[in-house]
Amino acid sequence: MGRQVTCAAAPGGRLPRRTRRLVQALTAATVLAGAVFGGQALASSAPKPPSTADQEKGMVAGRPFRDPADADTSATRRITITLDAHRTRFDLAGRKVWGESYDGRFVAPTIRVAPGSAVTIRLVNHLTVATNLHFHGLHVAPTGVSDDPFLCVAPGKSLTYRLAIPKNHPQGTFWYHSHAMGTTCPKPGAMVADDMDDDMSGPMSGATGGGMAGGMGSMSASPTAFVPGDVENQISAGLSGALVVGDDRTLLPSKLRHITAHTLVFKDAQIDAGGSIVQNTGSTSIDSGAPTVRLVNGQLRPVLSMRPNETQLWRLTNAGADIFYQLQLDGYRFTVIGEDGTPVAAVRTASSLLLPPGKRYDVLVTAGPRPGGAWLRTLAYSNGPQGDTYPNTRLLRLNVQGAKTARLPAVSGRVPTAAPDLSGARIVQRRKLVLSESADGNSFFINGKQFMMSDGSVFATPARLGTVEEWTVYNTSGEIHPFHLHTSDFQVMSVNGVAQPYTNRQDIIPVPFERNGRPGQVVIRIAFDDFPGRYMFHCHIAAHEDNGMMSFIDVVR
């Protein structure tokens, strides 16, 4: 975490990220008194964030577990959904809290689609700022009105997304969320539509072109003033939910194909003294290291019941903006059958699982043979000396009760449809990415560039369809950066020089922080199979991508 406090305000009407954190914690004697920000004077004293206990006041813990509501996907092949982004006063475990939603709930409805289906999603923007959608992990076209994060929906407008889910799409857990790369839509070439013509699309001006070929590059600022994105605000306020493709129970042995499945969406709510979810403005800020309330499907420490010996499938999703979860179910082990929506080539068990923002696991949990209970918790965890430290927090109570059921066989080996190993693939291109941040922790870079929508790629040459590339991702900062790639998944080859046995593809990998002057390092391989277009990549701590740690690669035929 940075230690400097400056009186400079970031473009776009916000306090710089790390400066914001410190300003919140300072007293009136040390706050930047009288600074003018966007024409509005900052308060001489920023209120201390309420404690977690204070934020939980009015909430009710221990209610029966509920899965998130499902979107209306009763159709199987041609699905139509409307999402209405708007300011909302929703119910958080019994407490009324102001935020943003797609359907009146803090956790957006789960969208369920089948491989080979056509999905139409109409996004209506009733916010006061621009927004859009990203379908995280889906292997669909990044062009047109599909999963293109350069699409922009202005306030009062709407846009219809059309997703063609491939017939061979992996079955597993994904999610969707706002990927707003600004609070306004750029006027030249902005892909904005209204209710009369919501199929307009096309590339934003200045969004393609050459860039740096690799390496550290300079740490100089962009020629134009940097304007941050709005992803952190919108996800924190509530604009995210789970998306499930197919049903990976059908890939399991026959006796396990009808077990109960649950979706567990982990999102935290940082609530101010006025009962609103904290947002980044000229006088307030989200502090990912400050007290917050960790919720499961919008519930506070719910109780999930299982029968003795029962096996269930849990779809674990970190759909929050910034914070990590180090999940443990006391006295149990998770059996991992899918990671980031992809079936695994080697089933494994784990006593704990790390879920940085955006991460998903599909796991089997088998209850003990006798009645009893256990806590699903996130363990105490630090993501590095420049990052955050999180406390041990109980999330959900498992209650084992009722008549004992027959214990089902354990699962091992390869799950059908797991992607092939890329270890022996011919590598056409090797590239290097360097993730870095400024000393004050306010600015974030890839290969020395702080990304904005008008920027080109950090790579001077495109990738070509039908090829496999190997990328080495370095982290020169003092905190973990969860690296995420859009459109395609990848295979992790090594972490800090240690070869990784092949178990599965994934779309997020935590890149270790620098130690003793040695950058953290992850080597990945990417198969560019079928979709041309811009494949974005970034740190999935939303504050980091908002503040520059993002770019894309052009993929051509």
# chains A, B, ... in the order shown; residues from 1 in each chain; ligands from 1
>>> residues_around(residues="Met306 of chain A", least_positions_apart="3", cutoff="7 Å", atoms="only C-alpha atoms", output="MDAnalysis selection string")
chainID A and resid 310 367 399:401
>>> select_by_dssp(residues="segment 376-464 of chain A", states="strand (DSSP E or B)", output="ChimeraX atom specification")
/A:376-378,381-382,389-390,393-400,427-437,444-446,449,463-464
>>> residues_around(residues="Met550 of chain A", least_positions_apart="2", cutoff="8 Å", atoms="only C-alpha atoms", output="VMD selection string")
chain A and resid 445 to 446 450 to 451 536 to 539 545 548 552
>>> closest_residue(among="A:Pro409, A:Arg301, A:Leu251, A:Thr284", to="Val344 of chain A", atoms="only C-alpha atoms")
A:Leu251
>>> closest_residue(among="A:Ala61, A:Ala463, A:Val468, A:Leu243", to="Gly424 of chain A", atoms="only C-alpha atoms")
A:Val468
>>> closest_atom_pairs(of="segment 320-406 of chain A", to="segment 256-278 of chain A", cutoff="12 Å", atoms="only C-alpha atoms", output="tab-separated table")
residue	atom	partner	partner_atom	distance
A:Gly320	CA	A:Lys267	CA	4.6
A:Ala321	CA	A:Lys267	CA	8.0
A:Asp322	CA	A:Asp268	CA	9.2
A:Ile323	CA	A:Asp268	CA	8.1
A:Phe324	CA	A:Phe266	CA	9.9
A:Tyr325	CA	A:Phe266	CA	8.5
A:Gln326	CA	A:Phe266	CA	11.5
A:Leu327	CA	A:Phe266	CA	10.6
A:Leu355	CA	A:Phe266	CA	9.6
A:Pro356	CA	A:Phe266	CA	10.8
A:Pro357	CA	A:Lys267	CA	9.5
A:Gly358	CA	A:Phe266	CA	10.0
A:Lys359	CA	A:Phe266	CA	10.3
A:Arg360	CA	A:Val265	CA	9.4
A:Tyr361	CA	A:Leu264	CA	10.1
A:Asp362	CA	A:Thr263	CA	9.2
A:Val363	CA	A:Ala261	CA	9.8
A:Leu364	CA	A:Ala261	CA	9.1
A:Val365	CA	A:Ala261	CA	10.2
A:Thr366	CA	A:Ile259	CA	10.7
A:Leu376	CA	A:Leu264	CA	11.1
A:Arg377	CA	A:Phe266	CA	11.2
A:Thr378	CA	A:Phe266	CA	10.5
A:Thr393	CA	A:Asp268	CA	11.7
A:Leu395	CA	A:Phe266	CA	8.9
A:Leu396	CA	A:Leu264	CA	9.9
A:Thr405	CA	A:Ile259	CA	11.9
A:Ala406	CA	A:Leu256	CA	11.8
>>> closest_residue(among="A:His486, A:His136, A:Arg431, A:His179", to="Arg534 of chain A", atoms="only C-alpha atoms")
A:His486
>>> closest_residue(among="A:Asp388, A:Asn547, A:His86, A:Arg105", to="Val227 of chain A", atoms="only C-alpha atoms")
A:Asn547
>>> atom_distance(atom1="atom CA of Ala141 of chain A", atom2="atom CA of Thr184 of chain A")
24.3 Å
>>> select_by_dssp(residues="segment 80-279 of chain A", states="alpha helix (DSSP H)", output="list in words")
Val231, Glu232, Asn233, Gln234, Ile235, Ser236 and Ala237 of chain A
>>> write_last_selection(atoms="N, CA, C and O atoms", output="mmCIF file, in the first residue's frame")
data_model
loop_
_atom_site.group_PDB
_atom_site.id
_atom_site.type_symbol
_atom_site.label_atom_id
_atom_site.label_comp_id
_atom_site.auth_asym_id
_atom_site.auth_seq_id
_atom_site.Cartn_x
_atom_site.Cartn_y
_atom_site.Cartn_z
ATOM 1 N N VAL A 231 -15.566 0.138 -13.476
ATOM 2 C CA VAL A 231 -15.901 -1.255 -13.174
ATOM 3 C C VAL A 231 -16.039 -1.469 -11.676
ATOM 4 O O VAL A 231 -16.988 -2.108 -11.201
ATOM 5 N N GLU A 232 -15.087 -0.928 -10.902
ATOM 6 C CA GLU A 232 -15.119 -1.139 -9.449
ATOM 7 C C GLU A 232 -16.413 -0.599 -8.847
ATOM 8 O O GLU A 232 -17.062 -1.274 -8.032
ATOM 9 N N ASN A 233 -16.788 0.605 -9.235
ATOM 10 C CA ASN A 233 -18.033 1.177 -8.716
ATOM 11 C C ASN A 233 -19.223 0.283 -9.014
ATOM 12 O O ASN A 233 -20.047 -0.005 -8.139
ATOM 13 N N GLN A 234 -19.352 -0.132 -10.265
ATOM 14 C CA GLN A 234 -20.580 -0.801 -10.682
ATOM 15 C C GLN A 234 -20.677 -2.237 -10.165
ATOM 16 O O GLN A 234 -21.756 -2.691 -9.773
ATOM 17 N N ILE A 235 -19.558 -2.969 -10.137
ATOM 18 C CA ILE A 235 -19.607 -4.306 -9.537
ATOM 19 C C ILE A 235 -19.862 -4.198 -8.039
ATOM 20 O O ILE A 235 -20.688 -4.935 -7.476
ATOM 21 N N SER A 236 -19.152 -3.280 -7.361
ATOM 22 C CA SER A 236 -19.349 -3.114 -5.919
ATOM 23 C C SER A 236 -20.797 -2.792 -5.588
ATOM 24 O O SER A 236 -21.344 -3.275 -4.587
ATOM 25 N N ALA A 237 -21.437 -1.983 -6.428
ATOM 26 C CA ALA A 237 -22.817 -1.562 -6.160
ATOM 27 C C ALA A 237 -23.821 -2.684 -6.368
ATOM 28 O O ALA A 237 -24.947 -2.597 -5.865
#
>>> closest_residue(among="A:Gly104, A:Pro228, A:Pro155, A:Gly331", to="Asn132 of chain A", atoms="only C-alpha atoms")
A:Pro155
>>> residues_around(residues="segment 107-117 of chain A", least_positions_apart="3", cutoff="9 Å", atoms="only C-alpha atoms", output="JSON, numbers by chain")
{"A": [68, 69, 70, 71, 72, 73, 76, 77, 78, 79, 81, 101, 102, 103, 104, 163, 164, 165, 166, 167, 168, 169, 170, 171, 175, 176, 177, 238, 239, 240, 241, 242, 243, 244, 245, 246, 247, 263, 265, 267, 297, 298, 319]}
>>> write_last_selection(atoms="C-alpha atoms", output="JSON list (two decimals), in the first residue's frame")
[["chain", "number", "residue", "atom", "x", "y", "z"],
["A", 68, "PRO", "CA", -29.70, -16.81, -6.40],
["A", 69, "ALA", "CA", -32.83, -16.23, -8.44],
["A", 70, "ASP", "CA", -32.70, -17.54, -12.00],
["A", 71, "ALA", "CA", -33.26, -15.35, -15.02],
["A", 72, "ASP", "CA", -36.13, -16.52, -17.20],
["A", 73, "THR", "CA", -34.33, -19.05, -19.36],
["A", 76, "THR", "CA", -33.68, -23.98, -24.27],
["A", 77, "ARG", "CA", -32.28, -22.86, -27.63],
["A", 78, "ARG", "CA", -33.39, -19.25, -28.15],
["A", 79, "ILE", "CA", -33.23, -17.34, -24.87],
["A", 81, "ILE", "CA", -33.49, -11.80, -21.15],
["A", 101, "SER", "CA", -29.06, -3.84, -9.62],
["A", 102, "TYR", "CA", -30.34, -5.51, -12.76],
["A", 103, "ASP", "CA", -33.51, -6.89, -11.17],
["A", 104, "GLY", "CA", -33.85, -5.34, -7.72],
["A", 163, "LEU", "CA", -24.49, -14.46, -27.94],
["A", 164, "ALA", "CA", -24.03, -17.58, -30.05],
["A", 165, "ILE", "CA", -22.91, -20.26, -27.60],
["A", 166, "PRO", "CA", -20.79, -22.84, -29.50],
["A", 167, "LYS", "CA", -22.06, -26.42, -29.51],
["A", 168, "ASN", "CA", -18.78, -27.57, -28.00],
["A", 169, "HIS", "CA", -18.68, -24.88, -25.32],
["A", 170, "PRO", "CA", -17.37, -26.17, -21.97],
["A", 171, "GLN", "CA", -20.04, -26.83, -19.34],
["A", 175, "TRP", "CA", -20.38, -14.94, -14.57],
["A", 176, "TYR", "CA", -21.35, -11.58, -16.02],
["A", 177, "HIS", "CA", -20.78, -8.04, -14.87],
["A", 238, "GLY", "CA", -24.34, -4.86, -7.29],
["A", 239, "LEU", "CA", -23.98, -5.29, -11.07],
["A", 240, "SER", "CA", -22.77, -8.89, -11.27],
["A", 241, "GLY", "CA", -24.19, -12.40, -11.24],
["A", 242, "ALA", "CA", -23.51, -16.02, -12.12],
["A", 243, "LEU", "CA", -23.85, -17.61, -15.55],
["A", 244, "VAL", "CA", -24.01, -21.38, -15.95],
["A", 245, "VAL", "CA", -23.43, -23.17, -19.26],
["A", 246, "GLY", "CA", -25.03, -26.58, -19.49],
["A", 247, "ASP", "CA", -24.85, -28.81, -16.43],
["A", 263, "THR", "CA", -24.67, -21.79, -6.76],
["A", 265, "VAL", "CA", -22.00, -16.23, -5.24],
["A", 267, "LYS", "CA", -19.92, -10.63, -2.94],
["A", 297, "ASN", "CA", -25.97, -14.91, -2.38],
["A", 298, "GLY", "CA", -26.71, -11.67, -0.54],
["A", 319, "ALA", "CA", -18.40, -12.04, -8.21]]
>>> closest_residue(among="A:Asp248, A:Asp84, A:Asp455, A:Asp440", to="Thr224 of chain A", atoms="only C-alpha atoms")
A:Asp455
>>> residues_around(residues="Pro64 of chain A", least_positions_apart="5", cutoff="9 Å", atoms="only C-alpha atoms", output="list in words")
Pro302, Val303, Leu304 and Ser305 of chain A
